[in-house]
>>> print(open('model13.cif').read())   # mmCIF, C-alpha atoms
data_structure
#
loop_
_atom_site.label_atom_id
_atom_site.label_comp_id
_atom_site.auth_asym_id
_atom_site.auth_seq_id
_atom_site.Cartn_x
_atom_site.Cartn_y
_atom_site.Cartn_z
CA MET A 1 5.33 -20.70 14.43
CA SER A 2 3.64 -21.99 11.30
CA THR A 3 3.82 -20.06 8.07
CA PRO A 4 0.70 -17.94 7.64
CA ASP A 5 -1.55 -18.87 4.76
CA ARG A 6 -1.27 -16.13 2.14
CA SER A 7 -3.25 -17.89 -0.53
CA LYS A 8 -6.09 -16.27 -2.37
CA ARG A 9 -8.49 -18.57 -0.60
CA ALA A 10 -7.26 -17.27 2.74
CA PHE A 11 -7.79 -13.72 1.51
CA GLU A 12 -11.31 -14.60 0.45
CA ARG A 13 -11.95 -15.94 3.93
CA LEU A 14 -10.78 -12.61 5.35
CA TYR A 15 -13.14 -10.87 2.96
CA GLU A 16 -16.08 -12.98 4.12
CA ARG A 17 -15.26 -12.25 7.74
CA ALA A 18 -14.54 -8.56 7.52
CA SER A 19 -15.93 -6.98 4.35
CA ARG A 20 -19.28 -6.03 5.77
CA ARG A 21 -17.85 -4.84 9.07
CA LEU A 22 -15.27 -2.68 7.34
CA LEU A 23 -17.90 -1.14 5.11
CA ILE A 24 -20.07 -0.31 8.09
CA HIS A 25 -17.06 1.11 9.90
CA LEU A 26 -16.33 3.45 7.00
CA VAL A 27 -19.94 4.48 6.50
CA ARG A 28 -20.13 5.40 10.15
CA ARG A 29 -16.90 7.32 9.98
CA LEU A 30 -17.81 9.18 6.82
CA HIS A 31 -21.59 9.40 7.02
CA ASP A 32 -21.50 9.36 3.26
CA VAL A 33 -22.31 6.00 1.73
CA GLU A 34 -20.98 6.89 -1.68
CA VAL A 35 -17.59 8.06 -0.42
CA ALA A 36 -17.39 5.22 2.10
CA THR A 37 -18.03 2.63 -0.59
CA GLU A 38 -15.26 3.99 -2.76
CA LEU A 39 -12.81 4.16 0.12
CA TRP A 40 -13.81 0.65 1.17
CA ALA A 41 -13.08 -0.63 -2.33
CA GLU A 42 -9.67 1.05 -2.32
CA CYS A 43 -8.94 -0.58 1.05
CA TRP A 44 -9.70 -4.02 -0.33
CA ALA A 45 -7.61 -3.41 -3.41
CA ALA A 46 -4.70 -2.27 -1.24
CA ALA A 47 -5.20 -5.28 1.02
CA PHE A 48 -5.26 -7.65 -1.94
CA SER A 49 -2.02 -6.18 -3.26
CA GLY A 50 -0.34 -6.34 0.13
CA TRP A 51 -1.67 -9.73 1.19
CA PRO A 52 1.44 -11.74 0.21
CA ARG A 53 3.49 -9.51 2.53
CA CYS A 54 1.02 -9.54 5.40
CA ARG A 55 2.69 -10.96 8.51
CA ALA A 56 -0.45 -11.58 10.52
CA ASN A 57 -0.51 -14.97 12.19
CA SER A 58 -4.13 -15.25 13.20
CA PRO A 59 -7.54 -14.20 11.91
CA ALA A 60 -7.61 -11.44 14.52
CA GLU A 61 -4.24 -10.11 13.40
CA GLU A 62 -5.37 -10.24 9.79
CA GLU A 63 -8.36 -8.10 10.63
CA ALA A 64 -6.21 -5.69 12.60
CA TRP A 65 -3.93 -5.45 9.56
CA LEU A 66 -6.92 -4.74 7.33
CA PHE A 67 -8.33 -2.11 9.63
CA GLY A 68 -4.88 -0.57 9.80
CA ILE A 69 -5.02 -0.12 6.04
CA ALA A 70 -8.44 1.47 6.42
CA ARG A 71 -7.14 3.79 9.14
CA ARG A 72 -4.40 5.05 6.85
CA GLN A 73 -6.80 5.46 3.95
CA LEU A 74 -9.16 7.39 6.19
CA ALA A 75 -6.35 9.59 7.44
CA ALA A 76 -5.36 10.40 3.87
CA TYR A 77 -8.96 11.18 3.00
CA TYR A 78 -9.37 13.40 6.05
CA ARG A 79 -6.21 15.23 5.11
CA THR A 80 -6.95 15.79 1.45
CA GLY A 81 -10.65 15.36 0.96
CA ALA A 82 -9.90 13.05 -1.94
CA ILE A 83 -9.74 9.29 -2.28
CA ARG A 84 -6.60 7.85 -3.76
CA ARG A 85 -7.53 5.12 -6.21
CA ARG A 86 -4.05 3.80 -6.79
CA ALA A 87 -4.65 0.22 -5.71
CA LEU A 88 -7.93 0.03 -7.60
CA GLU A 89 -6.32 1.35 -10.74
CA ARG A 90 -3.35 -0.96 -10.44
CA LEU A 91 -5.63 -3.98 -10.22
CA ARG A 92 -8.05 -2.49 -12.74
CA TRP A 93 -10.87 -2.92 -10.30
CA GLU A 94 -13.92 -0.72 -10.16
CA ALA A 95 -15.36 0.73 -7.01
CA PRO A 96 -18.89 -0.71 -6.70
CA VAL A 97 -21.59 1.72 -7.68
CA LEU A 98 -24.77 1.99 -5.66
CA ILE A 99 -27.51 1.12 -8.08
CA ASP A 100 -30.38 2.93 -6.42
CA GLY A 101 -31.54 4.73 -3.30
CA ASP A 102 -32.67 1.51 -1.72
CA GLU A 103 -29.14 0.22 -1.65
CA GLN A 104 -27.95 3.43 -0.08
CA GLU A 105 -30.62 3.24 2.57
CA GLN A 106 -29.78 -0.38 3.20
CA LEU A 107 -26.17 0.56 3.93
CA GLU A 108 -27.26 3.41 6.15
CA ARG A 109 -29.41 1.00 8.11
CA MET A 110 -26.51 -1.43 8.41
CA ALA A 111 -24.38 1.37 9.80
CA GLU A 112 -27.19 2.58 12.03
CA LEU A 113 -26.68 6.12 10.86
CA GLU A 114 -30.13 7.08 12.03
CA GLU A 115 -29.21 6.18 15.59
CA LEU A 116 -26.04 8.19 15.28
CA ARG A 117 -27.77 11.37 14.20
CA PRO A 118 -28.23 12.76 17.73
CA VAL A 119 -24.56 12.09 18.42
CA LEU A 120 -23.64 13.74 15.16
CA ALA A 121 -25.82 16.76 15.86
CA GLN A 122 -24.24 17.18 19.26
CA ALA A 123 -20.74 16.79 17.88
CA LEU A 124 -21.40 19.25 15.06
CA SER A 125 -21.82 22.05 17.52
CA THR A 126 -18.17 21.73 18.45
CA LEU A 127 -16.92 22.42 14.93
CA PRO A 128 -15.80 25.77 13.55
CA HIS A 129 -18.53 27.46 11.53
CA LYS A 130 -17.33 26.72 8.02
CA ARG A 131 -16.62 23.06 8.67
CA ARG A 132 -19.90 22.64 10.48
CA ARG A 133 -21.74 24.20 7.56
CA ALA A 134 -19.88 21.99 5.08
CA VAL A 135 -20.74 18.84 7.02
CA GLU A 136 -24.35 19.91 7.41
CA LEU A 137 -24.76 20.56 3.71
CA ARG A 138 -23.08 17.37 2.58
CA ILE A 139 -23.88 14.87 5.31
CA VAL A 140 -27.13 16.10 6.80
CA ALA A 141 -28.71 17.71 3.74
CA GLY A 142 -27.09 15.25 1.34
CA LEU A 143 -26.16 17.85 -1.27
CA PRO A 144 -23.67 17.01 -3.99
CA TYR A 145 -20.24 18.58 -3.52
CA GLU A 146 -20.71 21.10 -6.31
CA HIS A 147 -23.76 22.49 -4.51
CA VAL A 148 -21.93 22.48 -1.19
CA ALA A 149 -19.13 24.46 -2.83
CA ALA A 150 -21.59 26.94 -4.31
CA ARG A 151 -23.26 27.47 -0.95
CA LEU A 152 -19.92 27.96 0.79
CA GLY A 153 -18.52 30.12 -1.97
CA CYS A 154 -15.43 28.01 -2.49
CA SER A 155 -14.07 25.42 -4.90
CA GLU A 156 -15.38 21.87 -4.90
CA GLN A 157 -11.99 20.61 -3.69
CA ALA A 158 -12.07 23.06 -0.81
CA ALA A 159 -15.58 21.90 0.04
CA ARG A 160 -14.43 18.28 0.05
CA ALA A 161 -11.54 19.19 2.32
CA SER A 162 -13.84 21.03 4.73
CA VAL A 163 -16.17 18.07 4.93
CA SER A 164 -13.40 15.54 5.38
CA ARG A 165 -11.68 17.59 8.08
CA GLY A 166 -14.97 18.14 9.82
CA LEU A 167 -15.57 14.40 9.81
CA ARG A 168 -12.12 13.80 11.21
CA SER A 169 -13.01 16.04 14.12
CA LEU A 170 -16.26 14.18 14.64
CA ALA A 171 -14.85 10.70 14.31
CA LYS A 172 -13.56 10.39 17.84
CA GLN A 173 -16.82 11.47 19.43
CA ILE A 174 -18.84 9.16 17.21
CA ASP A 175 -16.53 6.23 17.90
CA GLN A 176 -16.92 6.77 21.61
CA ALA A 177 -20.66 6.71 21.19
CA GLN A 178 -20.77 3.43 19.27
CA PRO A 179 -17.37 1.85 18.70
CA ILE A 180 -16.92 -0.67 15.94
CA THR A 181 -15.62 -4.01 17.18
CA LEU A 182 -13.01 -6.26 15.70
CA THR A 183 -12.84 -9.84 16.80
CA LYS A 184 -13.13 -10.76 20.44
CA GLU A 185 -9.42 -11.53 20.53
CA ILE A 186 -8.46 -8.05 19.36
CA SER A 187 -10.97 -6.38 21.64
CA ASP A 188 -9.63 -8.28 24.62
CA GLU A 189 -6.07 -7.39 23.68
CA ARG A 190 -6.91 -3.70 23.42
CA ARG A 191 -8.71 -3.78 26.74
CA SER A 192 -5.73 -5.34 28.42
CA ARG A 193 -3.48 -2.58 27.05
CA THR A 194 -5.69 0.10 28.52
CA MET B 1 -25.85 -3.33 14.96
CA ASN B 2 -28.10 -4.86 12.37
CA ASP B 3 -26.90 -8.39 11.69
CA ALA B 4 -29.94 -9.51 9.77
CA LEU B 5 -28.47 -8.59 6.42
CA GLU B 6 -26.33 -11.26 4.86
CA HIS B 7 -23.26 -10.62 2.72
CA ASP B 8 -24.96 -11.46 -0.52
CA ASP B 9 -27.83 -9.14 0.14
CA HIS B 10 -25.90 -6.15 -0.99
CA SER B 11 -24.50 -5.69 -4.46
CA VAL B 12 -21.53 -3.70 -3.15
CA LEU B 13 -20.24 -6.73 -1.27
CA ALA B 14 -20.98 -9.07 -4.14
CA THR B 15 -19.30 -6.85 -6.71
CA MET B 16 -16.05 -6.72 -4.79
CA ARG B 17 -16.18 -10.46 -4.12
CA GLU B 18 -16.43 -11.10 -7.84
CA GLN B 19 -13.47 -8.87 -8.59
CA ILE B 20 -11.37 -10.64 -6.00
CA ALA B 21 -12.36 -14.00 -7.40
CA ALA B 22 -11.41 -12.95 -10.91
CA THR B 23 -7.95 -11.62 -10.01
CA PRO B 24 -4.93 -13.87 -9.55
CA MET B 25 -3.04 -13.41 -6.32
CA LEU B 26 0.62 -12.56 -6.75
CA PRO B 27 2.96 -14.85 -4.87
CA ALA B 28 4.79 -13.62 -1.80
CA PRO B 29 8.21 -12.06 -2.31
CA ARG B 30 11.06 -14.41 -1.60
CA ARG B 31 13.37 -13.46 1.21
CA LEU B 32 17.02 -13.23 0.28
CA GLN B 33 19.37 -15.62 2.07
CA PRO B 34 22.86 -14.72 3.24
CA ARG B 35 25.51 -15.07 0.61
CA PHE B 36 29.19 -14.39 0.74
CA LEU B 37 31.47 -12.52 -1.56
CA GLY B 38 32.63 -14.64 -4.43
CA THR B 39 29.72 -17.04 -4.29
CA ARG B 40 27.38 -17.68 -7.13
CA PRO B 41 24.88 -14.87 -7.78
CA ARG B 42 21.49 -15.30 -6.26
CA VAL B 43 18.46 -15.26 -8.50
CA LEU B 44 15.96 -12.54 -7.82
CA ALA B 45 13.04 -12.76 -10.12
CA GLY B 46 11.65 -9.35 -10.75
CA ALA B 47 13.43 -6.25 -11.85
CA SER B 48 12.28 -3.27 -13.78
CA ALA B 49 10.77 -2.74 -17.16
CA GLY B 50 14.00 -1.05 -18.07
CA ILE B 51 15.86 -4.29 -17.67
CA ALA B 52 13.88 -5.78 -20.50
CA ALA B 53 15.07 -2.91 -22.59
CA LEU B 54 18.67 -3.81 -22.04
CA SER B 55 19.47 -5.26 -25.42
CA ALA B 56 23.17 -5.77 -24.99
CA THR B 57 25.54 -6.77 -22.28
CA LEU B 58 26.79 -3.78 -20.44
CA ALA B 59 30.51 -3.62 -20.09
CA LEU B 60 32.23 -4.93 -17.05
CA ILE B 61 34.30 -2.28 -15.39
CA PHE B 62 37.41 -3.69 -13.84
CA ALA B 63 39.02 -2.03 -10.88
CA GLY B 64 42.29 -3.79 -11.57
CA ALA B 65 43.73 -6.64 -13.57
CA SER B 66 44.08 -8.98 -10.65
CA SER B 67 41.09 -7.96 -8.51
CA PRO B 68 37.40 -8.50 -9.07
CA PRO B 69 35.52 -5.65 -10.74
CA ALA B 70 34.27 -2.93 -8.42
CA PHE B 71 30.88 -3.27 -10.04
CA ALA B 72 29.25 -4.83 -13.03
CA VAL B 73 25.95 -4.91 -14.85
CA THR B 74 25.68 -7.88 -17.14
CA THR B 75 22.94 -9.35 -19.24
CA ASN B 76 22.86 -13.12 -19.16
CA PRO B 77 21.96 -15.46 -22.02
CA ASP B 78 18.64 -16.27 -20.35
CA GLY B 79 17.61 -12.62 -20.39
CA THR B 80 18.27 -11.93 -16.74
CA THR B 81 20.55 -9.16 -15.61
CA THR B 82 23.10 -9.45 -12.85
CA VAL B 83 24.03 -6.45 -10.77
CA THR B 84 27.31 -6.84 -8.90
CA LEU B 85 28.91 -4.49 -6.41
CA ASN B 86 32.21 -5.48 -4.84
CA ALA B 87 33.19 -2.07 -3.52
CA LEU B 88 30.77 0.26 -1.82
CA SER B 89 32.72 3.22 -3.14
CA ALA B 90 31.65 2.22 -6.66
CA ALA B 91 27.93 2.57 -5.94
CA GLY B 92 27.81 5.97 -7.63
CA ALA B 93 29.40 4.66 -10.79
CA LEU B 94 27.10 1.66 -10.79
CA ASN B 95 24.07 3.93 -10.47
CA ALA B 96 25.33 6.06 -13.32
CA LYS B 97 25.54 2.94 -15.46
CA LEU B 98 22.03 1.89 -14.51
CA ALA B 99 20.68 5.38 -15.14
CA ALA B 100 22.38 5.52 -18.53
CA ALA B 101 20.67 2.27 -19.44
CA ASP B 102 17.32 3.70 -18.24
CA VAL B 103 16.98 0.89 -15.74
CA HIS B 104 14.86 1.90 -12.76
CA VAL B 105 17.07 0.15 -10.25
CA ARG B 106 19.42 1.97 -7.92
CA VAL B 107 21.90 0.90 -5.31
CA ALA B 108 21.74 2.89 -2.09
CA PRO B 109 24.80 2.57 0.13
CA VAL B 110 23.73 2.05 3.70
CA VAL B 111 25.98 4.32 5.66
CA PRO B 112 26.05 4.93 9.42
CA GLY B 113 23.26 7.31 10.25
CA CYS B 114 21.16 6.44 7.24
CA ASN B 115 18.37 4.83 9.19
CA ASP B 116 15.60 6.86 7.67
CA PRO B 117 12.45 4.92 6.95
CA VAL B 118 11.37 4.67 3.36
CA GLN B 119 7.78 4.16 2.30
CA ILE B 120 7.44 1.40 -0.24
CA ALA B 121 5.50 2.68 -3.22
CA ASP B 122 1.81 1.84 -3.35
CA SER B 123 2.04 0.02 -0.07
CA ASP B 124 0.21 0.57 3.14
CA SER B 125 2.81 -1.32 5.10
CA PRO B 126 4.82 0.61 7.67
CA PRO B 127 7.92 2.27 6.24
CA ALA B 128 10.94 0.01 5.86
CA THR B 129 14.38 1.06 6.98
CA LEU B 130 17.56 0.86 5.01
CA GLN B 131 19.39 -0.84 7.81
CA ALA B 132 21.10 -3.89 6.44
CA GLU B 133 20.85 -7.22 8.16
CA PRO B 134 24.24 -8.68 9.05
CA GLN B 135 25.16 -11.21 6.40
CA GLY B 136 21.77 -10.50 4.91
CA GLY B 137 22.74 -10.01 1.29
CA ALA B 138 24.94 -11.05 -1.58
CA ASN B 139 27.37 -8.98 -3.55
CA SER B 140 25.49 -9.89 -6.71
CA LEU B 141 21.82 -9.98 -7.47
CA GLN B 142 20.42 -11.51 -10.59
CA LEU B 143 17.35 -9.61 -11.75
CA SER B 144 14.89 -11.19 -14.09
CA SER B 145 12.49 -9.38 -16.35
CA THR B 146 10.16 -12.33 -16.50
CA ILE B 147 8.63 -14.76 -14.07
CA ALA B 148 9.17 -18.42 -14.46
CA SER B 149 6.08 -20.56 -14.25
CA GLY B 150 5.39 -21.48 -10.65
CA SER B 151 7.95 -19.01 -9.38
CA SER B 152 7.47 -17.83 -5.82
CA THR B 153 8.78 -14.37 -6.59
CA PRO B 154 6.73 -11.34 -7.57
CA ASP B 155 6.64 -9.69 -10.93
CA GLN B 156 8.48 -6.41 -10.56
CA THR B 157 8.89 -5.85 -14.26
CA ASN B 158 6.73 -2.78 -14.36
CA VAL B 159 8.53 -0.19 -12.34
CA PRO B 160 6.72 2.95 -13.43
CA ALA B 161 8.33 6.26 -14.12
CA GLY B 162 8.98 8.10 -10.88
CA GLN B 163 9.62 4.91 -8.96
CA THR B 164 12.79 2.98 -8.37
CA LEU B 165 13.64 -0.50 -7.18
CA VAL B 166 16.16 0.13 -4.42
CA LEU B 167 18.93 -2.26 -3.48
CA ALA B 168 20.55 -1.43 -0.17
CA ALA B 169 24.31 -1.94 -0.28
CA SER B 170 26.47 -2.64 2.75
CA LYS B 171 29.41 -4.80 3.67
CA SER B 172 26.92 -7.63 3.97
CA GLY B 173 26.06 -7.31 0.30
CA LEU B 174 23.06 -6.14 -1.66
CA GLN B 175 19.57 -6.45 -0.26
CA VAL B 176 16.29 -5.56 -1.88
CA VAL B 177 14.45 -2.77 -0.11
CA GLY B 178 11.58 -2.49 -2.57
CA GLN B 179 10.13 0.03 -4.96
CA ILE B 180 9.92 3.55 -3.66
CA ASN B 181 8.80 6.86 -5.00
CA GLN B 182 11.73 9.07 -5.86
CA SER B 183 10.10 11.98 -4.14
CA THR B 184 9.99 10.11 -0.83
CA ALA B 185 13.56 8.82 -0.87
CA PRO B 186 15.56 9.99 2.15
CA ALA B 187 18.45 12.29 1.34
CA CYS B 188 21.05 9.74 2.38
CA VAL B 189 19.85 7.40 -0.33
CA GLY B 190 20.77 9.89 -2.99
CA LEU B 191 18.22 8.94 -5.61
CA ALA B 192 16.80 12.31 -6.38
CA SER B 193 19.80 13.65 -8.19
CA ASP B 194 20.55 10.78 -10.49
CA GLN B 195 17.18 10.21 -12.14
#
>>> encode(input="model13.cif", output="structure tokens")
Amino acid sequence: MSTPDRSKRAFERLYERASRRLLIHLVRRLHDVEVATELWAECWAAAFSGWPRCRANSPAEEEAWLFGIARRQLAAYYRTGAIRRRALERLRWEAPVLIDGDEQEQLERMAELEELRPVLAQALSTLPHKRRRAVELRIVAGLPYEHVAARLGCSEQAARASVSRGLRSLAKQIDQAQPITLTKEISDERRSRT
Amino acid sequence: MNDALEHDDHSVLATMREQIAATPMLPAPRRLQPRFLGTRPRVLAGASAGIAALSATLALIFAGASSPPAFAVTTNPDGTTTVTLNALSAAGALNAKLAAADVHVRVAPVVPGCNDPVQIADSDSPPATLQAEPQGGANSLQLSSTIASGSSTPDQTNVPAGQTLVLAASKSGLQVVGQINQSTAPACVGLASDQ
């Protein structure tokens, strides 16, 4: 087996292949472009830091490794309602800031959030009241977290946690509706396992 | 899914691309090769910031006049520091010496039953285990506080407070586990009490 290429150029190739797809994946999971963009940036910073130790031997495995990082970042976000920025801070990178509403809409179009709204509405009905309300205020109404907290009568951190846990509950149903795809190789491999 | 939008159409993608382009990629960590007791110490570039603070050679502690020292921490003329452990029973004393010197490096004896996974700090990789590879280490590791130009080893000079570079010790020798958070160290590693 040949030694995998762990050069910066190889990482940049991974970025070109997967950056957009990962961003869309996170936007669709979080329904919140701002939060998704920040989490996406932290994923790439973590991936950059871990790239020399990545043992993937093919482009498909590299993408699976990257999406594994994203899965863990998402799990941490769902658990805490906060985004760890450790990798970004270590590299002294900044999470990209959306300049205007057009950019936000563009990302929402890329993620096809509009098409997912019926699925989301259906899935929302399965949530406990407080989480459903939190998700509705933040994701559907688009209120800032401080307003969500005021409406719910709780702290901003508690509001973030309610939203993130609500999204975790919704993620499976939304994924089933429109799953994100990796490369053909990975998809085939997963199909063969099931 | 909408594929009409190209990468460069969105500033988010472009911003991250620029940051990647502007950041040097650290080289991959070098894997340690098997070494035997009494052989020349192996060079491991990368240690802790505390090593740089070691301004004097730490004393060799001899177990007996005719036997090799149970452990030693020495500073070499080139600025590197060599950690030696010839007797697993001396790991505690070696750690005490490292702690006294404020060096964020600890030796964790790998004992039967200590197979707990440890999460490497700031890493998203799966947890590593402390299980030693047979003949996978050396009894001495030379730790450098600087990186030589073109070195293939990572810079581990900045071990922050609350983290520790762990060396797993077994009959096979010392092996680098990686930097871990003290709070996540398994009990059998015994880091929590000495820092």
>>> closest_atom_pairs(input="model13.cif", of="chain A", to="chain B", cutoff="9 Å", atoms="all atoms listed in the file", output="Markdown table")
| residue | atom | partner | partner_atom | distance |
| --- | --- | --- | --- | --- |
| A:Arg6 | CA | B:Ala28 | CA | 7.7 |
| A:Ser7 | CA | B:Met25 | CA | 7.3 |
| A:Lys8 | CA | B:Met25 | CA | 5.8 |
| A:Phe11 | CA | B:Ile20 | CA | 8.9 |
| A:Glu12 | CA | B:Ile20 | CA | 7.6 |
| A:Tyr15 | CA | B:Arg17 | CA | 7.7 |
| A:Glu16 | CA | B:His7 | CA | 7.7 |
| A:Ser19 | CA | B:Leu13 | CA | 7.1 |
| A:Arg20 | CA | B:His7 | CA | 6.8 |
| A:Leu23 | CA | B:Leu13 | CA | 8.8 |
| A:Thr37 | CA | B:Val12 | CA | 7.7 |
| A:Ala41 | CA | B:Met16 | CA | 7.2 |
| A:Trp44 | CA | B:Met16 | CA | 8.2 |
| A:Ala45 | CA | B:Ile20 | CA | 8.6 |
| A:Ala46 | CA | B:Asp124 | CA | 7.2 |
| A:Ala47 | CA | B:Asp124 | CA | 8.2 |
| A:Phe48 | CA | B:Met25 | CA | 7.6 |
| A:Ser49 | CA | B:Leu26 | CA | 7.7 |
| A:Gly50 | CA | B:Ser123 | CA | 6.8 |
| A:Trp51 | CA | B:Ala28 | CA | 8.1 |
| A:Pro52 | CA | B:Ala28 | CA | 4.3 |
| A:Arg53 | CA | B:Ala28 | CA | 6.1 |
| A:Cys54 | CA | B:Ser125 | CA | 8.4 |
| A:Gly68 | CA | B:Asp124 | CA | 8.5 |
| A:Ile69 | CA | B:Asp124 | CA | 6.0 |
| A:Arg72 | CA | B:Asp124 | CA | 7.4 |
| A:Gln73 | CA | B:Asp124 | CA | 8.6 |
| A:Arg86 | CA | B:Asp122 | CA | 7.1 |
| A:Ala87 | CA | B:Asp122 | CA | 7.1 |
| A:Leu91 | CA | B:Thr23 | CA | 8.0 |
| A:Trp93 | CA | B:Gln19 | CA | 6.7 |
| A:Glu94 | CA | B:Gln19 | CA | 8.3 |
| A:Ala95 | CA | B:Met16 | CA | 7.8 |
| A:Pro96 | CA | B:Val12 | CA | 5.3 |
| A:Val97 | CA | B:Val12 | CA | 7.1 |
| A:Leu98 | CA | B:Val12 | CA | 7.0 |
| A:Ile99 | CA | B:Ser11 | CA | 8.3 |
| A:Glu103 | CA | B:His10 | CA | 7.2 |
| A:Gln106 | CA | B:His10 | CA | 8.1 |
| A:Leu107 | CA | B:His10 | CA | 8.3 |
| A:Arg109 | CA | B:Asn2 | CA | 7.4 |
| A:Met110 | CA | B:Asn2 | CA | 5.5 |
| A:Ala111 | CA | B:Met1 | CA | 7.1 |
| A:Glu112 | CA | B:Met1 | CA | 6.7 |
>>> closest_residue(input="model13.cif", among="A:Pro128, A:Pro59, A:Pro4, A:Gly166", to="Arg29 (chain A)", atoms="only C-alpha atoms")
A:Gly166
>>> atom_distance(input="model13.cif", atom1="CA of Ser140 (chain B)", atom2="CA of Val83 (chain B)")
5.5 Å
>>> closest_residue(input="model13.cif", among="A:Ala18, A:Ala121, A:Val135, A:Val33", to="Gln104 (chain A)", atoms="only C-alpha atoms")
A:Val33
>>> resolve_selection(input="model13.cif", expression="the PyMOL selection byres ((chain A and resi 168) around 12)", output="MDAnalysis selection string")
chainID A and resid 26 28:31 71 74:81 123:124 127 131:132 135 161:167 169:175
>>> atom_distance(input="model13.cif", atom1="CA of Val118 (chain B)", atom2="CA of Leu167 (chain B)")
12.3 Å
>>> closest_residue(input="model13.cif", among="B:Leu141, B:Ala99, B:Ala121, B:Ala93", to="Gln182 (chain B)", atoms="only C-alpha atoms")
B:Ala121
>>> axis_aligned_box(input="model13.cif", around="region 131-138 of chain A", padding_each_side="6 Å", output="JSON")
{"center_x": -20.7, "center_y": 20.8, "center_z": 6.5, "size_x": 20.1, "size_y": 18.8, "size_z": 19.9}
>>> atom_distance(input="model13.cif", atom1="CA of Lys97 (chain B)", atom2="CA of Thr184 (chain B)")
22.5 Å
>>> closest_residue(input="model13.cif", among="A:Leu120, A:Ala56, A:Ala149, A:Leu22", to="Asp5 (chain A)", atoms="all atoms listed in the file")
A:Ala56
